[in-house]
Every structure is written in C-alpha cells, then in structure tokens.
$ cat start-v7.txt   # compact mmCIF, N, CA and C atoms
# COMPACT_ATOMS: atom_id res chain seq x y z
N MET S 1 39.34 -65.82 0.96
CA MET S 1 38.31 -66.83 1.09
C MET S 1 38.62 -67.67 2.33
N THR S 2 37.63 -67.88 3.17
CA THR S 2 37.83 -68.66 4.39
C THR S 2 37.80 -70.14 4.05
N GLN S 3 38.21 -70.94 5.02
CA GLN S 3 38.21 -72.39 4.82
C GLN S 3 36.78 -72.89 4.62
N GLU S 4 35.83 -72.29 5.35
CA GLU S 4 34.43 -72.69 5.21
C GLU S 4 33.91 -72.36 3.81
N ASP S 5 34.27 -71.19 3.29
CA ASP S 5 33.88 -70.81 1.92
C ASP S 5 34.46 -71.78 0.91
N SER S 6 35.72 -72.14 1.11
CA SER S 6 36.39 -73.06 0.21
C SER S 6 35.72 -74.43 0.23
N ALA S 7 35.33 -74.89 1.41
CA ALA S 7 34.66 -76.18 1.53
C ALA S 7 33.30 -76.15 0.83
N LEU S 8 32.57 -75.05 0.96
CA LEU S 8 31.28 -74.92 0.29
C LEU S 8 31.47 -74.87 -1.22
N ASP S 9 32.47 -74.13 -1.67
CA ASP S 9 32.80 -74.05 -3.09
C ASP S 9 33.06 -75.45 -3.65
N THR S 10 33.88 -76.22 -2.95
CA THR S 10 34.20 -77.58 -3.37
C THR S 10 32.97 -78.46 -3.39
N LEU S 11 32.12 -78.33 -2.38
CA LEU S 11 30.89 -79.11 -2.31
C LEU S 11 29.98 -78.81 -3.50
N VAL S 12 29.81 -77.53 -3.82
CA VAL S 12 28.95 -77.13 -4.94
C VAL S 12 29.50 -77.68 -6.25
N ARG S 13 30.80 -77.57 -6.44
CA ARG S 13 31.43 -78.09 -7.67
C ARG S 13 31.21 -79.59 -7.81
N LYS S 14 31.38 -80.32 -6.71
CA LYS S 14 31.17 -81.77 -6.74
C LYS S 14 29.72 -82.11 -7.04
N ARG S 15 28.80 -81.34 -6.48
CA ARG S 15 27.38 -81.59 -6.74
C ARG S 15 27.02 -81.33 -8.19
N ILE S 16 27.56 -80.27 -8.76
CA ILE S 16 27.30 -79.98 -10.17
C ILE S 16 27.81 -81.13 -11.04
N ARG S 17 29.04 -81.53 -10.82
CA ARG S 17 29.63 -82.62 -11.61
C ARG S 17 28.86 -83.92 -11.39
N GLY S 18 28.49 -84.20 -10.14
CA GLY S 18 27.75 -85.42 -9.84
C GLY S 18 26.39 -85.47 -10.50
N LEU S 19 25.66 -84.36 -10.45
CA LEU S 19 24.35 -84.31 -11.09
C LEU S 19 24.48 -84.43 -12.61
N ARG S 20 25.46 -83.76 -13.16
CA ARG S 20 25.69 -83.84 -14.61
C ARG S 20 26.00 -85.28 -15.02
N SER S 21 26.87 -85.92 -14.28
CA SER S 21 27.23 -87.31 -14.58
C SER S 21 26.05 -88.25 -14.41
N ALA S 22 25.27 -88.03 -13.35
CA ALA S 22 24.10 -88.88 -13.09
C ALA S 22 23.08 -88.79 -14.23
N MET S 23 23.02 -87.64 -14.88
CA MET S 23 22.09 -87.46 -15.99
C MET S 23 22.69 -87.97 -17.30
N GLY S 24 23.94 -88.39 -17.24
CA GLY S 24 24.60 -88.90 -18.44
C GLY S 24 24.99 -87.81 -19.43
N TRP S 25 25.15 -86.59 -18.93
CA TRP S 25 25.46 -85.45 -19.79
C TRP S 25 26.96 -85.19 -19.83
N SER S 26 27.44 -84.80 -20.99
CA SER S 26 28.82 -84.34 -21.13
C SER S 26 28.87 -82.86 -20.73
N LEU S 27 30.07 -82.33 -20.66
CA LEU S 27 30.22 -80.89 -20.42
C LEU S 27 29.50 -80.10 -21.50
N ASP S 28 29.61 -80.56 -22.74
CA ASP S 28 28.95 -79.87 -23.86
C ASP S 28 27.44 -79.85 -23.69
N ASP S 29 26.87 -80.98 -23.23
CA ASP S 29 25.42 -81.07 -23.04
C ASP S 29 24.93 -80.06 -22.01
N LEU S 30 25.58 -80.05 -20.84
CA LEU S 30 25.16 -79.12 -19.79
C LEU S 30 25.44 -77.68 -20.19
N ALA S 31 26.58 -77.45 -20.81
CA ALA S 31 26.94 -76.08 -21.22
C ALA S 31 25.88 -75.51 -22.16
N ALA S 32 25.40 -76.33 -23.10
CA ALA S 32 24.38 -75.86 -24.03
C ALA S 32 23.08 -75.53 -23.31
N ARG S 33 22.75 -76.31 -22.27
CA ARG S 33 21.50 -76.10 -21.54
C ARG S 33 21.54 -74.88 -20.62
N CYS S 34 22.73 -74.50 -20.18
CA CYS S 34 22.81 -73.34 -19.28
C CYS S 34 23.49 -72.14 -19.93
N TYR S 35 23.68 -72.21 -21.25
CA TYR S 35 24.20 -71.08 -22.03
C TYR S 35 25.58 -70.62 -21.56
N LEU S 36 26.43 -71.59 -21.21
CA LEU S 36 27.83 -71.31 -20.90
C LEU S 36 28.69 -72.06 -21.90
N SER S 37 29.92 -71.65 -22.06
CA SER S 37 30.81 -72.41 -22.93
C SER S 37 31.28 -73.65 -22.18
N PRO S 38 31.57 -74.74 -22.90
CA PRO S 38 32.08 -75.94 -22.23
C PRO S 38 33.36 -75.65 -21.45
N SER S 39 34.19 -74.75 -21.97
CA SER S 39 35.43 -74.38 -21.29
C SER S 39 35.14 -73.72 -19.94
N THR S 40 34.19 -72.80 -19.93
CA THR S 40 33.81 -72.12 -18.68
C THR S 40 33.27 -73.12 -17.68
N LEU S 41 32.40 -74.00 -18.13
CA LEU S 41 31.81 -75.00 -17.24
C LEU S 41 32.89 -75.93 -16.69
N SER S 42 33.82 -76.34 -17.52
CA SER S 42 34.92 -77.19 -17.07
C SER S 42 35.75 -76.48 -16.01
N ARG S 43 36.05 -75.21 -16.22
CA ARG S 43 36.84 -74.45 -15.26
C ARG S 43 36.08 -74.26 -13.95
N ILE S 44 34.76 -74.14 -14.02
CA ILE S 44 33.95 -74.05 -12.80
C ILE S 44 34.02 -75.36 -12.04
N GLU S 45 33.81 -76.48 -12.74
CA GLU S 45 33.81 -77.79 -12.09
C GLU S 45 35.16 -78.15 -11.47
N THR S 46 36.25 -77.71 -12.09
CA THR S 46 37.58 -78.06 -11.60
C THR S 46 38.15 -77.06 -10.60
N GLY S 47 37.42 -75.96 -10.37
CA GLY S 47 37.87 -74.98 -9.39
C GLY S 47 38.82 -73.94 -9.94
N HIS S 48 38.98 -73.87 -11.24
CA HIS S 48 39.85 -72.87 -11.84
C HIS S 48 39.12 -71.56 -12.13
N ARG S 49 37.84 -71.53 -11.82
CA ARG S 49 37.05 -70.32 -12.00
C ARG S 49 36.01 -70.26 -10.89
N ARG S 50 35.84 -69.07 -10.31
CA ARG S 50 34.81 -68.87 -9.29
C ARG S 50 33.43 -68.91 -9.95
N ILE S 51 32.44 -69.37 -9.21
CA ILE S 51 31.09 -69.47 -9.73
C ILE S 51 30.33 -68.19 -9.38
N GLY S 52 29.81 -67.51 -10.39
CA GLY S 52 28.97 -66.35 -10.16
C GLY S 52 27.55 -66.81 -9.87
N LEU S 53 26.80 -66.00 -9.15
CA LEU S 53 25.43 -66.35 -8.81
C LEU S 53 24.58 -66.55 -10.06
N ASP S 54 24.78 -65.72 -11.08
CA ASP S 54 24.02 -65.88 -12.31
C ASP S 54 24.35 -67.21 -13.00
N GLN S 55 25.61 -67.60 -12.95
CA GLN S 55 26.02 -68.89 -13.53
C GLN S 55 25.46 -70.05 -12.72
N LEU S 56 25.54 -69.93 -11.41
CA LEU S 56 25.04 -70.99 -10.54
C LEU S 56 23.54 -71.19 -10.73
N SER S 57 22.82 -70.10 -10.87
CA SER S 57 21.38 -70.16 -11.10
C SER S 57 21.07 -70.86 -12.42
N ALA S 58 21.79 -70.50 -13.47
CA ALA S 58 21.57 -71.13 -14.78
C ALA S 58 21.91 -72.61 -14.75
N ILE S 59 22.98 -72.97 -14.05
CA ILE S 59 23.38 -74.38 -13.95
C ILE S 59 22.33 -75.17 -13.18
N ALA S 60 21.87 -74.62 -12.06
CA ALA S 60 20.84 -75.30 -11.25
C ALA S 60 19.58 -75.52 -12.08
N ARG S 61 19.16 -74.51 -12.80
CA ARG S 61 17.95 -74.61 -13.63
C ARG S 61 18.13 -75.70 -14.70
N ALA S 62 19.30 -75.72 -15.34
CA ALA S 62 19.57 -76.71 -16.38
C ALA S 62 19.59 -78.13 -15.81
N LEU S 63 20.04 -78.27 -14.56
CA LEU S 63 20.10 -79.58 -13.91
C LEU S 63 18.77 -79.98 -13.28
N GLY S 64 17.80 -79.07 -13.31
CA GLY S 64 16.49 -79.37 -12.75
C GLY S 64 16.48 -79.39 -11.24
N THR S 65 17.33 -78.59 -10.64
CA THR S 65 17.42 -78.53 -9.18
C THR S 65 17.37 -77.07 -8.75
N GLY S 66 17.33 -76.85 -7.46
CA GLY S 66 17.29 -75.49 -6.93
C GLY S 66 18.64 -75.06 -6.40
N LEU S 67 18.82 -73.76 -6.29
CA LEU S 67 20.06 -73.24 -5.72
C LEU S 67 20.29 -73.79 -4.32
N ASP S 68 19.21 -73.87 -3.54
CA ASP S 68 19.35 -74.34 -2.17
C ASP S 68 19.90 -75.75 -2.10
N GLN S 69 19.52 -76.60 -3.04
CA GLN S 69 20.01 -77.97 -3.03
C GLN S 69 21.49 -78.05 -3.43
N LEU S 70 21.95 -77.11 -4.22
CA LEU S 70 23.36 -77.10 -4.60
C LEU S 70 24.25 -76.56 -3.48
N VAL S 71 23.73 -75.64 -2.69
CA VAL S 71 24.59 -74.98 -1.70
C VAL S 71 24.34 -75.40 -0.25
N GLU S 72 23.31 -76.21 0.00
CA GLU S 72 23.03 -76.55 1.39
C GLU S 72 24.16 -77.37 1.99
N SER S 73 24.44 -77.11 3.22
CA SER S 73 25.51 -77.77 3.93
C SER S 73 25.12 -79.19 4.29
N THR S 74 26.11 -80.07 4.33
CA THR S 74 25.85 -81.45 4.75
C THR S 74 25.97 -81.59 6.26
N ALA S 75 26.55 -80.57 6.90
CA ALA S 75 26.69 -80.61 8.36
C ALA S 75 25.34 -80.36 9.00
N ASP S 76 25.05 -81.10 10.03
CA ASP S 76 23.78 -80.94 10.75
C ASP S 76 24.05 -80.05 11.95
N ASP S 77 23.90 -78.76 11.75
CA ASP S 77 24.21 -77.79 12.80
C ASP S 77 23.00 -77.43 13.66
N ASP S 78 21.87 -78.11 13.46
CA ASP S 78 20.68 -77.81 14.24
C ASP S 78 20.89 -78.20 15.70
N VAL S 79 20.38 -77.38 16.57
CA VAL S 79 20.45 -77.66 18.00
C VAL S 79 19.15 -78.33 18.40
N ILE S 80 19.28 -79.47 19.06
CA ILE S 80 18.11 -80.20 19.52
C ILE S 80 18.13 -80.20 21.04
N ILE S 81 17.05 -79.71 21.62
CA ILE S 81 16.94 -79.66 23.07
C ILE S 81 15.89 -80.67 23.50
N ARG S 82 16.30 -81.59 24.36
CA ARG S 82 15.38 -82.60 24.85
C ARG S 82 15.16 -82.36 26.35
N PRO S 83 13.92 -82.33 26.77
CA PRO S 83 13.65 -82.13 28.20
C PRO S 83 14.14 -83.33 29.02
N GLN S 84 14.64 -83.05 30.21
CA GLN S 84 15.08 -84.11 31.11
C GLN S 84 14.28 -83.99 32.40
N HIS S 85 13.86 -85.14 32.89
CA HIS S 85 13.06 -85.17 34.12
C HIS S 85 14.01 -85.26 35.31
N ASP S 86 13.82 -84.36 36.26
CA ASP S 86 14.59 -84.36 37.50
C ASP S 86 13.70 -84.99 38.56
N ALA S 87 13.86 -86.30 38.77
CA ALA S 87 12.99 -87.05 39.67
C ALA S 87 13.11 -86.56 41.11
N ALA S 88 14.31 -86.14 41.54
CA ALA S 88 14.52 -85.71 42.91
C ALA S 88 13.68 -84.47 43.24
N ARG S 89 13.52 -83.60 42.30
CA ARG S 89 12.76 -82.38 42.56
C ARG S 89 11.39 -82.40 41.90
N GLY S 90 11.11 -83.44 41.12
CA GLY S 90 9.81 -83.53 40.47
C GLY S 90 9.62 -82.51 39.36
N LEU S 91 10.72 -82.13 38.72
CA LEU S 91 10.67 -81.11 37.67
C LEU S 91 11.15 -81.68 36.33
N THR S 92 10.68 -81.06 35.28
CA THR S 92 11.23 -81.34 33.96
C THR S 92 12.01 -80.11 33.54
N THR S 93 13.29 -80.30 33.24
CA THR S 93 14.14 -79.17 32.85
C THR S 93 14.59 -79.30 31.43

$ encode --input "start-v7.txt" --output "structure tokens"
Amino acid sequence: MTQEDSALDTLVRKRIRGLRSAMGWSLDDLAARCYLSPSTLSRIETGHRRIGLDQLSAIARALGTGLDQLVESTADDDVIIRPQHDAARGLTT
C-alpha cells in the first residue's frame, strides 16, 4: 500500500466515524443499518480491517451519503490557468 493509499484509507475511516458521530449513532446503530457486525465496523473505523467496496457502499448508503463524498480528496489538485496580458507586445498569453 502506498503512502497516498494509506492517507486515503485514513481519510475515509475518519469520515465514516465523523458522520456516524454527527448522526448520534453508536457502532451498533450503524452496523444494523449497513448489515455489518459491530465488531467488523469497529475494526474498519480503527484501521484493523481493510474496507471492501461492498462494505463501503453499504456504509455510505446507511449514512445517507455517496461513495464519492467518502473518498474524495481534500487536496485541490486542479490546475487553474489565468491569461496574462503582455503589454509590451500587445498580446494575451
């Protein structure tokens, strides 16, 4: 697993726990809604178990969110190009 994968894994785990806490749900509450055992969900949140796509999908659905919102990066990697006016040559580059 690369460092980037590990960072994304940690981010997803924190988001799951944060959303669960924000809804006032215990591990048992969320586990029942996504058809996982509380033990499995706890191990996912603490990083002792890898998250499978099927599990992540069920967790996202139970939390009322989308997969994209759980896994999207917080880094703003978009490239923004702004035109600059070259007054000496009368051009915009």

$ select_by_dssp --input "start-v7.txt" --residues "chain S" --states "strand (DSSP E)" --output "PyMOL selection string"
chain S and resi 85-86+91-92

$ closest_residue --input "start-v7.txt" --among "S:Leu41, S:Ala32, S:Leu8, S:Leu27" --to "S:Ala62" --atoms "all atoms listed in the file"
S:Ala32

$ atom_distance --input "start-v7.txt" --atom1 "atom CA of S:Asp9" --atom2 "atom CA of S:Glu45"
9.8 Å

$ select_by_dssp --input "start-v7.txt" --residues "chain S" --states "alpha helix (DSSP H)" --output "compact mmCIF listing (two decimals) with N, CA and C atoms, in the frame of the given file"
# COMPACT_ATOMS: atom_id res chain seq x y z
N GLN S 3 38.21 -70.94 5.02
CA GLN S 3 38.21 -72.39 4.82
C GLN S 3 36.78 -72.89 4.62
N GLU S 4 35.83 -72.29 5.35
CA GLU S 4 34.43 -72.69 5.21
C GLU S 4 33.91 -72.36 3.81
N ASP S 5 34.27 -71.19 3.29
CA ASP S 5 33.88 -70.81 1.92
C ASP S 5 34.46 -71.78 0.91
N SER S 6 35.72 -72.14 1.11
CA SER S 6 36.39 -73.06 0.21
C SER S 6 35.72 -74.43 0.23
N ALA S 7 35.33 -74.89 1.41
CA ALA S 7 34.66 -76.18 1.53
C ALA S 7 33.30 -76.15 0.83
N LEU S 8 32.57 -75.05 0.96
CA LEU S 8 31.28 -74.92 0.29
C LEU S 8 31.47 -74.87 -1.22
N ASP S 9 32.47 -74.13 -1.67
CA ASP S 9 32.80 -74.05 -3.09
C ASP S 9 33.06 -75.45 -3.65
N THR S 10 33.88 -76.22 -2.95
CA THR S 10 34.20 -77.58 -3.37
C THR S 10 32.97 -78.46 -3.39
N LEU S 11 32.12 -78.33 -2.38
CA LEU S 11 30.89 -79.11 -2.31
C LEU S 11 29.98 -78.81 -3.50
N VAL S 12 29.81 -77.53 -3.82
CA VAL S 12 28.95 -77.13 -4.94
C VAL S 12 29.50 -77.68 -6.25
N ARG S 13 30.80 -77.57 -6.44
CA ARG S 13 31.43 -78.09 -7.67
C ARG S 13 31.21 -79.59 -7.81
N LYS S 14 31.38 -80.32 -6.71
CA LYS S 14 31.17 -81.77 -6.74
C LYS S 14 29.72 -82.11 -7.04
N ARG S 15 28.80 -81.34 -6.48
CA ARG S 15 27.38 -81.59 -6.74
C ARG S 15 27.02 -81.33 -8.19
N ILE S 16 27.56 -80.27 -8.76
CA ILE S 16 27.30 -79.98 -10.17
C ILE S 16 27.81 -81.13 -11.04
N ARG S 17 29.04 -81.53 -10.82
CA ARG S 17 29.63 -82.62 -11.61
C ARG S 17 28.86 -83.92 -11.39
N GLY S 18 28.49 -84.20 -10.14
CA GLY S 18 27.75 -85.42 -9.84
C GLY S 18 26.39 -85.47 -10.50
N LEU S 19 25.66 -84.36 -10.45
CA LEU S 19 24.35 -84.31 -11.09
C LEU S 19 24.48 -84.43 -12.61
N ARG S 20 25.46 -83.76 -13.16
CA ARG S 20 25.69 -83.84 -14.61
C ARG S 20 26.00 -85.28 -15.02
N SER S 21 26.87 -85.92 -14.28
CA SER S 21 27.23 -87.31 -14.58
C SER S 21 26.05 -88.25 -14.41
N ALA S 22 25.27 -88.03 -13.35
CA ALA S 22 24.10 -88.88 -13.09
C ALA S 22 23.08 -88.79 -14.23
N LEU S 27 30.07 -82.33 -20.66
CA LEU S 27 30.22 -80.89 -20.42
C LEU S 27 29.50 -80.10 -21.50
N ASP S 28 29.61 -80.56 -22.74
CA ASP S 28 28.95 -79.87 -23.86
C ASP S 28 27.44 -79.85 -23.69
N ASP S 29 26.87 -80.98 -23.23
CA ASP S 29 25.42 -81.07 -23.04
C ASP S 29 24.93 -80.06 -22.01
N LEU S 30 25.58 -80.05 -20.84
CA LEU S 30 25.16 -79.12 -19.79
C LEU S 30 25.44 -77.68 -20.19
N ALA S 31 26.58 -77.45 -20.81
CA ALA S 31 26.94 -76.08 -21.22
C ALA S 31 25.88 -75.51 -22.16
N ALA S 32 25.40 -76.33 -23.10
CA ALA S 32 24.38 -75.86 -24.03
C ALA S 32 23.08 -75.53 -23.31
N ARG S 33 22.75 -76.31 -22.27
CA ARG S 33 21.50 -76.10 -21.54
C ARG S 33 21.54 -74.88 -20.62
N CYS S 34 22.73 -74.50 -20.18
CA CYS S 34 22.81 -73.34 -19.28
C CYS S 34 23.49 -72.14 -19.93
N PRO S 38 31.57 -74.74 -22.90
CA PRO S 38 32.08 -75.94 -22.23
C PRO S 38 33.36 -75.65 -21.45
N SER S 39 34.19 -74.75 -21.97
CA SER S 39 35.43 -74.38 -21.29
C SER S 39 35.14 -73.72 -19.94
N THR S 40 34.19 -72.80 -19.93
CA THR S 40 33.81 -72.12 -18.68
C THR S 40 33.27 -73.12 -17.68
N LEU S 41 32.40 -74.00 -18.13
CA LEU S 41 31.81 -75.00 -17.24
C LEU S 41 32.89 -75.93 -16.69
N SER S 42 33.82 -76.34 -17.52
CA SER S 42 34.92 -77.19 -17.07
C SER S 42 35.75 -76.48 -16.01
N ARG S 43 36.05 -75.21 -16.22
CA ARG S 43 36.84 -74.45 -15.26
C ARG S 43 36.08 -74.26 -13.95
N ILE S 44 34.76 -74.14 -14.02
CA ILE S 44 33.95 -74.05 -12.80
C ILE S 44 34.02 -75.36 -12.04
N GLU S 45 33.81 -76.48 -12.74
CA GLU S 45 33.81 -77.79 -12.09
C GLU S 45 35.16 -78.15 -11.47
N THR S 46 36.25 -77.71 -12.09
CA THR S 46 37.58 -78.06 -11.60
C THR S 46 38.15 -77.06 -10.60
N LEU S 53 26.80 -66.00 -9.15
CA LEU S 53 25.43 -66.35 -8.81
C LEU S 53 24.58 -66.55 -10.06
N ASP S 54 24.78 -65.72 -11.08
CA ASP S 54 24.02 -65.88 -12.31
C ASP S 54 24.35 -67.21 -13.00
N GLN S 55 25.61 -67.60 -12.95
CA GLN S 55 26.02 -68.89 -13.53
C GLN S 55 25.46 -70.05 -12.72
N LEU S 56 25.54 -69.93 -11.41
CA LEU S 56 25.04 -70.99 -10.54
C LEU S 56 23.54 -71.19 -10.73
N SER S 57 22.82 -70.10 -10.87
CA SER S 57 21.38 -70.16 -11.10
C SER S 57 21.07 -70.86 -12.42
N ALA S 58 21.79 -70.50 -13.47
CA ALA S 58 21.57 -71.13 -14.78
C ALA S 58 21.91 -72.61 -14.75
N ILE S 59 22.98 -72.97 -14.05
CA ILE S 59 23.38 -74.38 -13.95
C ILE S 59 22.33 -75.17 -13.18
N ALA S 60 21.87 -74.62 -12.06
CA ALA S 60 20.84 -75.30 -11.25
C ALA S 60 19.58 -75.52 -12.08
N ARG S 61 19.16 -74.51 -12.80
CA ARG S 61 17.95 -74.61 -13.63
C ARG S 61 18.13 -75.70 -14.70
N ALA S 62 19.30 -75.72 -15.34
CA ALA S 62 19.57 -76.71 -16.38
C ALA S 62 19.59 -78.13 -15.81
N LEU S 63 20.04 -78.27 -14.56
CA LEU S 63 20.10 -79.58 -13.91
C LEU S 63 18.77 -79.98 -13.28
N LEU S 67 18.82 -73.76 -6.29
CA LEU S 67 20.06 -73.24 -5.72
C LEU S 67 20.29 -73.79 -4.32
N ASP S 68 19.21 -73.87 -3.54
CA ASP S 68 19.35 -74.34 -2.17
C ASP S 68 19.90 -75.75 -2.10
N GLN S 69 19.52 -76.60 -3.04
CA GLN S 69 20.01 -77.97 -3.03
C GLN S 69 21.49 -78.05 -3.43
N LEU S 70 21.95 -77.11 -4.22
CA LEU S 70 23.36 -77.10 -4.60
C LEU S 70 24.25 -76.56 -3.48
N VAL S 71 23.73 -75.64 -2.69
CA VAL S 71 24.59 -74.98 -1.70
C VAL S 71 24.34 -75.40 -0.25

$ atom_distance --input "start-v7.txt" --atom1 "atom N of S:Ala60" --atom2 "atom N of S:Thr40"
14.7 Å

$ atom_distance --input "start-v7.txt" --atom1 "atom C of S:Ser39" --atom2 "atom C of S:Ser73"
26.8 Å

$ residues_around --input "start-v7.txt" --residues "S:Ile44" --least-positions-apart "2" --cutoff "12 Å" --atoms "only C-alpha atoms" --output "PDB file with N, CA and C atoms, keeping the file's coordinate frame"
ATOM      1  N   ASP S   9      32.470 -74.130  -1.670  1.00  0.00           N
ATOM      2  CA  ASP S   9      32.800 -74.050  -3.090  1.00  0.00           C
ATOM      3  C   ASP S   9      33.060 -75.450  -3.650  1.00  0.00           C
ATOM      4  N   THR S  10      33.880 -76.220  -2.950  1.00  0.00           N
ATOM      5  CA  THR S  10      34.200 -77.580  -3.370  1.00  0.00           C
ATOM      6  C   THR S  10      32.970 -78.460  -3.390  1.00  0.00           C
ATOM      7  N   VAL S  12      29.810 -77.530  -3.820  1.00  0.00           N
ATOM      8  CA  VAL S  12      28.950 -77.130  -4.940  1.00  0.00           C
ATOM      9  C   VAL S  12      29.500 -77.680  -6.250  1.00  0.00           C
ATOM     10  N   ARG S  13      30.800 -77.570  -6.440  1.00  0.00           N
ATOM     11  CA  ARG S  13      31.430 -78.090  -7.670  1.00  0.00           C
ATOM     12  C   ARG S  13      31.210 -79.590  -7.810  1.00  0.00           C
ATOM     13  N   LYS S  14      31.380 -80.320  -6.710  1.00  0.00           N
ATOM     14  CA  LYS S  14      31.170 -81.770  -6.740  1.00  0.00           C
ATOM     15  C   LYS S  14      29.720 -82.110  -7.040  1.00  0.00           C
ATOM     16  N   ARG S  15      28.800 -81.340  -6.480  1.00  0.00           N
ATOM     17  CA  ARG S  15      27.380 -81.590  -6.740  1.00  0.00           C
ATOM     18  C   ARG S  15      27.020 -81.330  -8.190  1.00  0.00           C
ATOM     19  N   ILE S  16      27.560 -80.270  -8.760  1.00  0.00           N
ATOM     20  CA  ILE S  16      27.300 -79.980 -10.170  1.00  0.00           C
ATOM     21  C   ILE S  16      27.810 -81.130 -11.040  1.00  0.00           C
ATOM     22  N   ARG S  17      29.040 -81.530 -10.820  1.00  0.00           N
ATOM     23  CA  ARG S  17      29.630 -82.620 -11.610  1.00  0.00           C
ATOM     24  C   ARG S  17      28.860 -83.920 -11.390  1.00  0.00           C
ATOM     25  N   LEU S  27      30.070 -82.330 -20.660  1.00  0.00           N
ATOM     26  CA  LEU S  27      30.220 -80.890 -20.420  1.00  0.00           C
ATOM     27  C   LEU S  27      29.500 -80.100 -21.500  1.00  0.00           C
ATOM     28  N   ALA S  31      26.580 -77.450 -20.810  1.00  0.00           N
ATOM     29  CA  ALA S  31      26.940 -76.080 -21.220  1.00  0.00           C
ATOM     30  C   ALA S  31      25.880 -75.510 -22.160  1.00  0.00           C
ATOM     31  N   LEU S  36      26.430 -71.590 -21.210  1.00  0.00           N
ATOM     32  CA  LEU S  36      27.830 -71.310 -20.900  1.00  0.00           C
ATOM     33  C   LEU S  36      28.690 -72.060 -21.900  1.00  0.00           C
ATOM     34  N   SER S  37      29.920 -71.650 -22.060  1.00  0.00           N
ATOM     35  CA  SER S  37      30.810 -72.410 -22.930  1.00  0.00           C
ATOM     36  C   SER S  37      31.280 -73.650 -22.180  1.00  0.00           C
ATOM     37  N   PRO S  38      31.570 -74.740 -22.900  1.00  0.00           N
ATOM     38  CA  PRO S  38      32.080 -75.940 -22.230  1.00  0.00           C
ATOM     39  C   PRO S  38      33.360 -75.650 -21.450  1.00  0.00           C
ATOM     40  N   SER S  39      34.190 -74.750 -21.970  1.00  0.00           N
ATOM     41  CA  SER S  39      35.430 -74.380 -21.290  1.00  0.00           C
ATOM     42  C   SER S  39      35.140 -73.720 -19.940  1.00  0.00           C
ATOM     43  N   THR S  40      34.190 -72.800 -19.930  1.00  0.00           N
ATOM     44  CA  THR S  40      33.810 -72.120 -18.680  1.00  0.00           C
ATOM     45  C   THR S  40      33.270 -73.120 -17.680  1.00  0.00           C
ATOM     46  N   LEU S  41      32.400 -74.000 -18.130  1.00  0.00           N
ATOM     47  CA  LEU S  41      31.810 -75.000 -17.240  1.00  0.00           C
ATOM     48  C   LEU S  41      32.890 -75.930 -16.690  1.00  0.00           C
ATOM     49  N   SER S  42      33.820 -76.340 -17.520  1.00  0.00           N
ATOM     50  CA  SER S  42      34.920 -77.190 -17.070  1.00  0.00           C
ATOM     51  C   SER S  42      35.750 -76.480 -16.010  1.00  0.00           C
ATOM     52  N   THR S  46      36.250 -77.710 -12.090  1.00  0.00           N
ATOM     53  CA  THR S  46      37.580 -78.060 -11.600  1.00  0.00           C
ATOM     54  C   THR S  46      38.150 -77.060 -10.600  1.00  0.00           C
ATOM     55  N   GLY S  47      37.420 -75.960 -10.370  1.00  0.00           N
ATOM     56  CA  GLY S  47      37.870 -74.980  -9.390  1.00  0.00           C
ATOM     57  C   GLY S  47      38.820 -73.940  -9.940  1.00  0.00           C
ATOM     58  N   HIS S  48      38.980 -73.870 -11.240  1.00  0.00           N
ATOM     59  CA  HIS S  48      39.850 -72.870 -11.840  1.00  0.00           C
ATOM     60  C   HIS S  48      39.120 -71.560 -12.130  1.00  0.00           C
ATOM     61  N   ARG S  49      37.840 -71.530 -11.820  1.00  0.00           N
ATOM     62  CA  ARG S  49      37.050 -70.320 -12.000  1.00  0.00           C
ATOM     63  C   ARG S  49      36.010 -70.260 -10.890  1.00  0.00           C
ATOM     64  N   ARG S  50      35.840 -69.070 -10.310  1.00  0.00           N
ATOM     65  CA  ARG S  50      34.810 -68.870  -9.290  1.00  0.00           C
ATOM     66  C   ARG S  50      33.430 -68.910  -9.950  1.00  0.00           C
ATOM     67  N   ILE S  51      32.440 -69.370  -9.210  1.00  0.00           N
ATOM     68  CA  ILE S  51      31.090 -69.470  -9.730  1.00  0.00           C
ATOM     69  C   ILE S  51      30.330 -68.190  -9.380  1.00  0.00           C
ATOM     70  N   GLY S  52      29.810 -67.510 -10.390  1.00  0.00           N
ATOM     71  CA  GLY S  52      28.970 -66.350 -10.160  1.00  0.00           C
ATOM     72  C   GLY S  52      27.550 -66.810  -9.870  1.00  0.00           C
ATOM     73  N   GLN S  55      25.610 -67.600 -12.950  1.00  0.00           N
ATOM     74  CA  GLN S  55      26.020 -68.890 -13.530  1.00  0.00           C
ATOM     75  C   GLN S  55      25.460 -70.050 -12.720  1.00  0.00           C
ATOM     76  N   LEU S  56      25.540 -69.930 -11.410  1.00  0.00           N
ATOM     77  CA  LEU S  56      25.040 -70.990 -10.540  1.00  0.00           C
ATOM     78  C   LEU S  56      23.540 -71.190 -10.730  1.00  0.00           C
ATOM     79  N   ILE S  59      22.980 -72.970 -14.050  1.00  0.00           N
ATOM     80  CA  ILE S  59      23.380 -74.380 -13.950  1.00  0.00           C
ATOM     81  C   ILE S  59      22.330 -75.170 -13.180  1.00  0.00           C
TER      82      ILE S  59
END

$ axis_aligned_box --input "start-v7.txt" --around "stretch 56-62 of chain S" --padding-each-side "5 Å" --output "JSON"
{"center_x": 21.7, "center_y": -74.0, "center_z": -13.5, "size_x": 17.6, "size_y": 18.2, "size_z": 15.8}

$ closest_residue --input "start-v7.txt" --among "S:Ala88, S:Ala7, S:Leu70, S:Leu63" --to "S:Leu30" --atoms "only N, CA and C atoms"
S:Leu63

$ closest_residue --input "start-v7.txt" --among "S:Trp25, S:Leu19, S:Gln84, S:Arg89" --to "S:Gly64" --atoms "only C-alpha atoms"
S:Leu19
